[in-house]
>>> print(open('final04.cif').read())   # mmCIF, C-alpha atoms
data_final
#
loop_
_atom_site.group_PDB
_atom_site.id
_atom_site.type_symbol
_atom_site.label_atom_id
_atom_site.label_comp_id
_atom_site.auth_asym_id
_atom_site.auth_seq_id
_atom_site.Cartn_x
_atom_site.Cartn_y
_atom_site.Cartn_z
ATOM 1 C CA MET A 1 -1.314 2.412 -29.061
ATOM 2 C CA SER A 2 -1.902 -0.292 -26.454
ATOM 3 C CA SER A 3 -1.575 0.511 -22.782
ATOM 4 C CA PRO A 4 1.567 -0.658 -20.919
ATOM 5 C CA ASP A 5 1.492 -4.203 -19.606
ATOM 6 C CA PRO A 6 1.321 -3.832 -15.802
ATOM 7 C CA VAL A 7 3.166 -7.126 -15.297
ATOM 8 C CA ALA A 8 5.848 -6.530 -17.919
ATOM 9 C CA ASP A 9 9.571 -6.508 -17.287
ATOM 10 C CA PRO A 10 10.390 -4.538 -14.111
ATOM 11 C CA ALA A 11 12.382 -2.036 -16.155
ATOM 12 C CA THR A 12 9.194 -0.851 -17.880
ATOM 13 C CA ARG A 13 6.498 -2.033 -15.488
ATOM 14 C CA GLN A 14 3.688 0.361 -14.656
ATOM 15 C CA LEU A 15 0.672 0.139 -12.418
ATOM 16 C CA GLU A 16 -1.507 3.130 -13.185
ATOM 17 C CA LEU A 17 -4.273 3.913 -10.715
ATOM 18 C CA ALA A 18 -6.930 6.598 -10.965
ATOM 19 C CA PRO A 19 -5.450 9.800 -9.505
ATOM 20 C CA THR A 20 -6.335 10.776 -5.958
ATOM 21 C CA PRO A 21 -8.714 13.785 -5.919
ATOM 22 C CA SER A 22 -7.236 17.038 -4.646
ATOM 23 C CA GLY A 23 -9.740 17.086 -1.777
ATOM 24 C CA TRP A 24 -7.887 14.230 -0.102
ATOM 25 C CA LEU A 25 -4.629 16.171 0.105
ATOM 26 C CA ALA A 26 -6.413 19.255 1.410
ATOM 27 C CA ALA A 27 -7.996 17.173 4.191
ATOM 28 C CA VAL A 28 -4.626 15.664 5.136
ATOM 29 C CA LEU A 29 -2.738 18.961 5.241
ATOM 30 C CA ALA A 30 -5.523 20.574 7.290
ATOM 31 C CA ASP A 31 -5.125 17.984 10.075
ATOM 32 C CA PHE A 32 -1.684 16.505 9.600
ATOM 33 C CA ASP A 33 -1.261 15.140 13.125
ATOM 34 C CA SER A 34 -4.393 13.025 12.658
ATOM 35 C CA PHE A 35 -2.973 11.795 9.379
ATOM 36 C CA LEU A 36 0.275 10.823 11.110
ATOM 37 C CA LYS A 37 -1.637 8.805 13.686
ATOM 38 C CA ASP A 38 -3.428 6.945 10.915
ATOM 39 C CA HIS A 39 -0.155 6.465 9.035
ATOM 40 C CA ALA A 40 1.450 4.914 12.104
ATOM 41 C CA SER A 41 -1.470 2.507 12.398
ATOM 42 C CA CYS A 42 -1.204 1.609 8.702
ATOM 43 C CA GLU A 43 2.492 0.776 8.991
ATOM 44 C CA LYS A 44 1.860 -1.427 12.023
ATOM 45 C CA LYS A 45 -0.948 -3.239 10.200
ATOM 46 C CA ALA A 46 1.215 -3.658 7.094
ATOM 47 C CA SER A 47 3.874 -5.359 9.185
ATOM 48 C CA GLY A 48 1.231 -7.661 10.644
ATOM 49 C CA MET A 49 -0.127 -8.458 7.179
ATOM 50 C CA ALA A 50 3.323 -9.480 5.979
ATOM 51 C CA LEU A 51 3.801 -11.751 8.994
ATOM 52 C CA ASN A 52 0.354 -13.246 8.409
ATOM 53 C CA MET A 53 1.274 -14.112 4.830
ATOM 54 C CA ALA A 54 4.570 -15.577 5.978
ATOM 55 C CA SER A 55 2.769 -17.810 8.469
ATOM 56 C CA HIS A 56 0.367 -19.040 5.779
ATOM 57 C CA TYR A 57 3.056 -19.996 3.260
ATOM 58 C CA PRO A 58 6.037 -21.516 5.093
ATOM 59 C CA ASP A 59 6.406 -23.974 2.194
ATOM 60 C CA ARG A 60 7.259 -21.160 -0.265
ATOM 61 C CA PRO A 61 10.745 -19.991 0.737
ATOM 62 C CA SER A 62 10.975 -16.940 -1.517
ATOM 63 C CA LEU A 63 7.577 -15.686 -0.374
ATOM 64 C CA LEU A 64 8.377 -16.439 3.255
ATOM 65 C CA MET A 65 11.640 -14.522 3.223
ATOM 66 C CA ALA A 66 10.191 -11.612 1.250
ATOM 67 C CA MET A 67 7.384 -11.225 3.780
ATOM 68 C CA ALA A 68 9.780 -11.511 6.733
ATOM 69 C CA ASP A 69 11.907 -8.736 5.262
ATOM 70 C CA LEU A 70 8.834 -6.646 4.488
ATOM 71 C CA ALA A 71 7.486 -7.035 8.025
ATOM 72 C CA VAL A 72 10.763 -5.694 9.424
ATOM 73 C CA GLU A 73 10.779 -2.754 7.016
ATOM 74 C CA GLU A 74 7.166 -1.823 7.738
ATOM 75 C CA LEU A 75 7.828 -1.985 11.464
ATOM 76 C CA SER A 76 10.812 0.313 10.933
ATOM 77 C CA HIS A 77 8.495 2.762 9.156
ATOM 78 C CA TYR A 78 6.107 2.528 12.104
ATOM 79 C CA ARG A 79 8.952 3.488 14.438
ATOM 80 C CA GLU A 80 9.909 6.442 12.231
ATOM 81 C CA VAL A 81 6.331 7.744 12.137
ATOM 82 C CA LEU A 82 6.222 7.461 15.936
ATOM 83 C CA LYS A 83 9.356 9.607 16.100
ATOM 84 C CA LEU A 84 7.764 12.163 13.802
ATOM 85 C CA LEU A 85 4.659 12.247 15.978
ATOM 86 C CA ALA A 86 6.756 12.685 19.128
ATOM 87 C CA SER A 87 8.706 15.537 17.538
ATOM 88 C CA ARG A 88 5.387 17.318 17.018
ATOM 89 C CA GLY A 89 4.259 16.752 20.608
ATOM 90 C CA SER A 90 1.753 14.093 19.622
ATOM 91 C CA GLN A 91 1.323 10.358 20.085
ATOM 92 C CA PRO A 92 -0.369 7.486 18.224
ATOM 93 C CA GLY A 93 -4.061 6.879 18.656
ATOM 94 C CA PRO A 94 -6.026 3.630 18.795
ATOM 95 C CA ASP A 95 -6.249 1.483 15.672
ATOM 96 C CA SER A 96 -9.522 1.633 13.792
ATOM 97 C CA LYS A 97 -11.094 -0.361 10.985
ATOM 98 C CA ASP A 98 -10.160 0.850 7.509
ATOM 99 C CA PRO A 99 -13.208 0.655 5.200
ATOM 100 C CA TYR A 100 -11.030 0.963 2.088
ATOM 101 C CA ILE A 101 -8.826 -1.986 3.063
ATOM 102 C CA ARG A 102 -11.813 -4.014 4.198
ATOM 103 C CA ALA A 103 -13.591 -3.471 0.878
ATOM 104 C CA LEU A 104 -10.481 -4.406 -1.103
ATOM 105 C CA ASN A 105 -10.050 -7.558 0.962
ATOM 106 C CA ASP A 106 -13.657 -8.468 0.180
ATOM 107 C CA LEU A 107 -12.606 -8.694 -3.482
ATOM 108 C CA ILE A 108 -10.179 -11.529 -2.726
ATOM 109 C CA ARG A 109 -11.519 -14.810 -4.077
ATOM 110 C CA ARG A 110 -11.524 -17.478 -1.401
ATOM 111 C CA GLY A 111 -10.900 -20.582 -3.509
ATOM 112 C CA PRO A 112 -7.399 -22.046 -3.052
ATOM 113 C CA GLU A 113 -6.669 -21.679 -6.766
ATOM 114 C CA HIS A 114 -7.099 -17.880 -6.636
ATOM 115 C CA PHE A 115 -6.583 -16.814 -3.035
ATOM 116 C CA LEU A 116 -2.823 -16.248 -3.111
ATOM 117 C CA LEU A 117 -2.933 -14.394 -6.431
ATOM 118 C CA ASP A 118 -5.629 -12.025 -5.230
ATOM 119 C CA ARG A 119 -3.887 -11.384 -1.906
ATOM 120 C CA LEU A 120 -0.695 -10.460 -3.712
ATOM 121 C CA LEU A 121 -2.395 -8.236 -6.279
ATOM 122 C CA VAL A 122 -4.534 -6.432 -3.705
ATOM 123 C CA ALA A 123 -1.378 -5.821 -1.671
ATOM 124 C CA ALA A 124 0.324 -4.442 -4.791
ATOM 125 C CA ILE A 125 -2.542 -2.003 -5.356
ATOM 126 C CA VAL A 126 -2.531 -0.860 -1.723
ATOM 127 C CA GLU A 127 1.207 -0.213 -1.867
ATOM 128 C CA ARG A 128 0.894 1.587 -5.214
ATOM 129 C CA ARG A 129 -1.834 3.856 -3.811
ATOM 130 C CA GLY A 130 0.362 4.556 -0.809
ATOM 131 C CA CYS A 131 3.250 5.421 -3.115
ATOM 132 C CA GLU A 132 1.088 7.950 -4.941
ATOM 133 C CA ARG A 133 -0.332 9.550 -1.823
ATOM 134 C CA PHE A 134 2.928 9.745 0.082
ATOM 135 C CA GLY A 135 4.406 11.358 -3.008
ATOM 136 C CA LEU A 136 1.670 13.985 -2.967
ATOM 137 C CA ILE A 137 2.525 14.826 0.645
ATOM 138 C CA ALA A 138 6.226 15.012 -0.217
ATOM 139 C CA GLN A 139 5.420 17.530 -2.939
ATOM 140 C CA SER A 140 2.997 19.656 -0.931
ATOM 141 C CA HIS A 141 3.822 19.709 2.777
ATOM 142 C CA PRO A 142 5.350 23.022 3.866
ATOM 143 C CA GLU A 143 8.038 21.460 6.103
ATOM 144 C CA ALA A 144 11.232 20.324 4.381
ATOM 145 C CA ALA A 145 11.855 17.519 6.889
ATOM 146 C CA VAL A 146 8.392 16.087 6.262
ATOM 147 C CA GLN A 147 8.964 16.331 2.520
ATOM 148 C CA ARG A 148 12.190 14.331 2.812
ATOM 149 C CA PHE A 149 10.555 11.718 5.006
ATOM 150 C CA TYR A 150 7.659 11.137 2.652
ATOM 151 C CA ARG A 151 9.880 11.018 -0.420
ATOM 152 C CA ALA A 152 11.716 8.136 1.252
ATOM 153 C CA ILE A 153 8.463 6.426 2.258
ATOM 154 C CA ALA A 154 7.072 6.810 -1.272
ATOM 155 C CA ALA A 155 10.204 5.193 -2.689
ATOM 156 C CA SER A 156 9.730 2.243 -0.328
ATOM 157 C CA GLU A 157 6.106 1.837 -1.389
ATOM 158 C CA ASP A 158 7.227 1.859 -5.014
ATOM 159 C CA ARG A 159 9.514 -1.095 -4.312
ATOM 160 C CA HIS A 160 6.815 -2.882 -2.351
ATOM 161 C CA TRP A 161 4.113 -2.901 -5.016
ATOM 162 C CA GLN A 162 6.621 -4.249 -7.503
ATOM 163 C CA LEU A 163 7.659 -6.931 -5.021
ATOM 164 C CA PHE A 164 4.076 -8.147 -4.771
ATOM 165 C CA VAL A 165 3.731 -8.271 -8.551
ATOM 166 C CA ASP A 166 7.024 -10.208 -8.782
ATOM 167 C CA LEU A 167 5.730 -12.698 -6.213
ATOM 168 C CA ALA A 168 2.483 -13.106 -8.138
ATOM 169 C CA ILE A 169 4.422 -13.849 -11.320
ATOM 170 C CA GLU A 170 6.594 -16.368 -9.500
ATOM 171 C CA HIS A 171 3.935 -18.171 -7.499
ATOM 172 C CA CYS A 172 0.804 -17.854 -9.659
ATOM 173 C CA PRO A 173 1.861 -18.583 -13.250
ATOM 174 C CA GLY A 174 -0.884 -19.253 -15.755
ATOM 175 C CA GLN A 175 -3.587 -17.580 -13.641
ATOM 176 C CA GLY A 176 -4.288 -14.577 -15.852
ATOM 177 C CA ILE A 177 -2.360 -12.124 -13.720
ATOM 178 C CA GLU A 178 -2.680 -9.129 -16.037
ATOM 179 C CA ALA A 179 -6.435 -9.531 -16.532
ATOM 180 C CA ARG A 180 -7.079 -9.994 -12.825
ATOM 181 C CA LEU A 181 -4.899 -7.021 -11.925
ATOM 182 C CA ASN A 182 -6.793 -4.829 -14.395
ATOM 183 C CA ASP A 183 -10.112 -5.935 -12.864
ATOM 184 C CA LEU A 184 -8.878 -5.086 -9.376
ATOM 185 C CA ILE A 185 -7.511 -1.724 -10.530
ATOM 186 C CA ALA A 186 -10.926 -0.821 -11.928
ATOM 187 C CA ALA A 187 -12.655 -1.904 -8.719
ATOM 188 C CA GLU A 188 -10.187 0.083 -6.623
ATOM 189 C CA ALA A 189 -10.886 3.222 -8.663
ATOM 190 C CA GLU A 190 -14.599 2.991 -7.862
ATOM 191 C CA LEU A 191 -13.877 2.259 -4.220
ATOM 192 C CA MET A 192 -11.385 5.113 -3.877
ATOM 193 C CA ALA A 193 -13.835 7.563 -5.442
ATOM 194 C CA SER A 194 -16.520 6.540 -2.943
ATOM 195 C CA GLN A 195 -14.407 7.271 0.152
ATOM 196 C CA PRO A 196 -14.964 10.541 2.044
ATOM 197 C CA PHE A 197 -12.020 12.902 2.290
ATOM 198 C CA ARG A 198 -10.389 12.603 5.707
ATOM 199 C CA ALA A 199 -6.993 13.004 7.329
ATOM 200 C CA ALA A 200 -6.055 9.369 6.751
ATOM 201 C CA LEU A 201 -4.084 7.418 4.198
ATOM 202 C CA HIS A 202 -7.179 5.761 2.731
#
>>> encode(input="final04.cif", output="structure tokens")
Amino acid sequence: MSSPDPVADPATRQLELAPTPSGWLAAVLADFDSFLKDHASCEKKASGMALNMASHYPDRPSLLMAMADLAVEELSHYREVLKLLASRGSQPGPDSKDPYIRALNDLIRRGPEHFLLDRLLVAAIVERRGCERFGLIAQSHPEAAVQRFYRAIAASEDRHWQLFVDLAIEHCPGQGIEARLNDLIAAEAELMASQPFRAALH
């Protein structure tokens, strides 16, 4: 039986990534406040990424509006993580470079004929990984309020990765979307496996 088409109809669409090793979750739960600080930083950066894409493509109205809406939603998530940190007597830390995100961005082809497609597909993979990992926290954290919060965040990430695939289909027809997505999924699996376990999203 053939594997599901990752860019099929949204009703059946799947984007299967290699599963996160259990050591990642153990590291997160052992130092959850540090994870929350990293999560806050990730949400802030995600909002900035969406605004950056909007500024690069003002001539594509559907992409522009989707990224404007996404930037607002990610900033709302940032605010909610700040509230969660404050409720635990903690505060956000300084932003730091994310080697996982940097390595994925290095996979983006720079030619104008491929750049937008790769940006959208890399963003889809990042959001799909976030969906998986936030779901793991929702299933495993001992506090019910944290479980509820991360179930909601995981649901948002699920919508986001599908949004990026939809935008790729709309704006990059005829560019071999499925094949390129499969290549990036394979590369992400190797990259994810090479990352040390730490109390951070990636």
>>> atom_distance(input="final04.cif", atom1="atom CA of A:Ala50", atom2="atom CA of A:Phe149")
22.4 Å
>>> closest_residue(input="final04.cif", among="A:Leu63, A:Ala154, A:Leu201, A:Leu181", to="A:Leu17", atoms="all atoms listed in the file")
A:Leu181
>>> resolve_selection(input="final04.cif", expression="the PyMOL selection byres ((chain A and resi 187) around 12)", output="ChimeraX atom specification")
/A:17-18,100,103-108,122,125,180-186,188-194
>>> residues_near_point(input="final04.cif", point="(3.1, 7.3, 3.2)", cutoff="8 Å", atoms="only C-alpha atoms", output="ChimeraX atom specification")
/A:39,130-131,133-135,137,150,153-154,157,201
>>> atom_distance(input="final04.cif", atom1="atom CA of A:Pro21", atom2="atom CA of A:Leu136")
10.8 Å
>>> resolve_selection(input="final04.cif", expression="the PyMOL selection byres ((chain A and resi 26) around 12)", output="list of chain:residue names")
A:Thr20, A:Pro21, A:Ser22, A:Gly23, A:Trp24, A:Leu25, A:Ala27, A:Val28, A:Leu29, A:Ala30, A:Asp31, A:Phe32, A:Phe35, A:Arg133, A:Leu136, A:Ile137, A:Ser140, A:His141, A:Phe197, A:Arg198, A:Ala199, A:Ala200
>>> decode(input="final04.cif", residues="stretch 75-154 of chain A", atoms="C-alpha atoms", output="PDB file, in the first residue's frame")
ATOM      1  CA  LEU A  75       2.033  36.951  19.384  1.00  0.00           C
ATOM      2  CA  SER A  76      -1.081  35.978  21.340  1.00  0.00           C
ATOM      3  CA  HIS A  77       0.580  32.646  22.154  1.00  0.00           C
ATOM      4  CA  TYR A  78       3.667  34.548  23.296  1.00  0.00           C
ATOM      5  CA  ARG A  79       1.498  36.567  25.679  1.00  0.00           C
ATOM      6  CA  GLU A  80      -0.131  33.404  27.044  1.00  0.00           C
ATOM      7  CA  VAL A  81       3.237  31.744  27.678  1.00  0.00           C
ATOM      8  CA  LEU A  82       4.353  34.902  29.495  1.00  0.00           C
ATOM      9  CA  LYS A  83       1.284  34.604  31.719  1.00  0.00           C
ATOM     10  CA  LEU A  84       2.105  30.973  32.419  1.00  0.00           C
ATOM     11  CA  LEU A  85       5.666  31.910  33.325  1.00  0.00           C
ATOM     12  CA  ALA A  86       4.455  34.687  35.636  1.00  0.00           C
ATOM     13  CA  SER A  87       2.035  32.313  37.361  1.00  0.00           C
ATOM     14  CA  ARG A  88       5.022  30.110  38.191  1.00  0.00           C
ATOM     15  CA  GLY A  89       7.077  33.012  39.546  1.00  0.00           C
ATOM     16  CA  SER A  90       9.347  33.091  36.518  1.00  0.00           C
ATOM     17  CA  GLN A  91      10.042  35.421  33.614  1.00  0.00           C
ATOM     18  CA  PRO A  92      11.307  35.117  30.025  1.00  0.00           C
ATOM     19  CA  GLY A  93      15.005  34.904  29.343  1.00  0.00           C
ATOM     20  CA  PRO A  94      17.074  36.336  26.497  1.00  0.00           C
ATOM     21  CA  ASP A  95      16.560  34.981  22.988  1.00  0.00           C
ATOM     22  CA  SER A  96      19.214  32.606  21.727  1.00  0.00           C
ATOM     23  CA  LYS A  97      20.076  31.091  18.367  1.00  0.00           C
ATOM     24  CA  ASP A  98      18.210  27.877  17.590  1.00  0.00           C
ATOM     25  CA  PRO A  99      20.549  25.406  15.833  1.00  0.00           C
ATOM     26  CA  TYR A 100      17.618  23.282  14.640  1.00  0.00           C
ATOM     27  CA  ILE A 101      15.876  26.223  12.962  1.00  0.00           C
ATOM     28  CA  ARG A 102      19.140  27.528  11.559  1.00  0.00           C
ATOM     29  CA  ALA A 103      19.957  24.150  10.008  1.00  0.00           C
ATOM     30  CA  LEU A 104      16.479  23.841   8.500  1.00  0.00           C
ATOM     31  CA  ASN A 105      16.741  27.334   7.048  1.00  0.00           C
ATOM     32  CA  ASP A 106      20.051  26.341   5.465  1.00  0.00           C
ATOM     33  CA  LEU A 107      18.084  23.802   3.403  1.00  0.00           C
ATOM     34  CA  ILE A 108      16.066  26.560   1.726  1.00  0.00           C
ATOM     35  CA  ARG A 109      17.142  26.973  -1.888  1.00  0.00           C
ATOM     36  CA  ARG A 110      17.965  30.581  -2.653  1.00  0.00           C
ATOM     37  CA  GLY A 111      16.941  30.768  -6.312  1.00  0.00           C
ATOM     38  CA  PRO A 112      13.750  32.790  -6.892  1.00  0.00           C
ATOM     39  CA  GLU A 113      12.053  29.802  -8.524  1.00  0.00           C
ATOM     40  CA  HIS A 114      12.340  27.702  -5.340  1.00  0.00           C
ATOM     41  CA  PHE A 115      12.744  30.107  -2.439  1.00  0.00           C
ATOM     42  CA  LEU A 116       9.076  30.643  -1.590  1.00  0.00           C
ATOM     43  CA  LEU A 117       8.229  26.945  -1.864  1.00  0.00           C
ATOM     44  CA  ASP A 118      11.043  25.940   0.459  1.00  0.00           C
ATOM     45  CA  ARG A 119      10.210  28.656   2.993  1.00  0.00           C
ATOM     46  CA  LEU A 120       6.619  27.478   3.136  1.00  0.00           C
ATOM     47  CA  LEU A 121       7.488  23.790   3.402  1.00  0.00           C
ATOM     48  CA  VAL A 122      10.149  24.326   6.063  1.00  0.00           C
ATOM     49  CA  ALA A 123       7.616  26.373   8.029  1.00  0.00           C
ATOM     50  CA  ALA A 124       5.096  23.536   7.670  1.00  0.00           C
ATOM     51  CA  ILE A 125       7.606  21.043   9.073  1.00  0.00           C
ATOM     52  CA  VAL A 126       8.502  23.309  11.999  1.00  0.00           C
ATOM     53  CA  GLU A 127       4.834  23.741  12.876  1.00  0.00           C
ATOM     54  CA  ARG A 128       4.178  20.001  12.520  1.00  0.00           C
ATOM     55  CA  ARG A 129       7.080  19.205  14.867  1.00  0.00           C
ATOM     56  CA  GLY A 130       5.722  21.742  17.324  1.00  0.00           C
ATOM     57  CA  CYS A 131       2.295  20.124  17.113  1.00  0.00           C
ATOM     58  CA  GLU A 132       3.791  16.746  17.984  1.00  0.00           C
ATOM     59  CA  ARG A 133       5.912  18.004  20.851  1.00  0.00           C
ATOM     60  CA  PHE A 134       3.262  20.203  22.412  1.00  0.00           C
ATOM     61  CA  GLY A 135       0.956  17.205  22.239  1.00  0.00           C
ATOM     62  CA  LEU A 136       3.492  15.123  24.142  1.00  0.00           C
ATOM     63  CA  ILE A 137       3.581  17.744  26.900  1.00  0.00           C
ATOM     64  CA  ALA A 138      -0.220  17.849  26.999  1.00  0.00           C
ATOM     65  CA  GLN A 139      -0.267  14.092  27.525  1.00  0.00           C
ATOM     66  CA  SER A 140       2.506  13.930  30.115  1.00  0.00           C
ATOM     67  CA  HIS A 141       2.683  17.057  32.267  1.00  0.00           C
ATOM     68  CA  PRO A 142       1.355  16.462  35.785  1.00  0.00           C
ATOM     69  CA  GLU A 143      -0.581  19.760  36.001  1.00  0.00           C
ATOM     70  CA  ALA A 144      -4.063  19.788  34.475  1.00  0.00           C
ATOM     71  CA  ALA A 145      -3.884  23.490  33.574  1.00  0.00           C
ATOM     72  CA  VAL A 146      -0.651  22.944  31.656  1.00  0.00           C
ATOM     73  CA  GLN A 147      -2.196  19.965  29.889  1.00  0.00           C
ATOM     74  CA  ARG A 148      -5.144  22.084  28.743  1.00  0.00           C
ATOM     75  CA  PHE A 149      -2.879  24.883  27.580  1.00  0.00           C
ATOM     76  CA  TYR A 150      -0.682  22.627  25.494  1.00  0.00           C
ATOM     77  CA  ARG A 151      -3.625  20.781  23.972  1.00  0.00           C
ATOM     78  CA  ALA A 152      -4.832  24.152  22.688  1.00  0.00           C
ATOM     79  CA  ILE A 153      -1.359  25.114  21.450  1.00  0.00           C
ATOM     80  CA  ALA A 154      -0.963  21.750  19.695  1.00  0.00           C
TER      81      ALA A 154
END
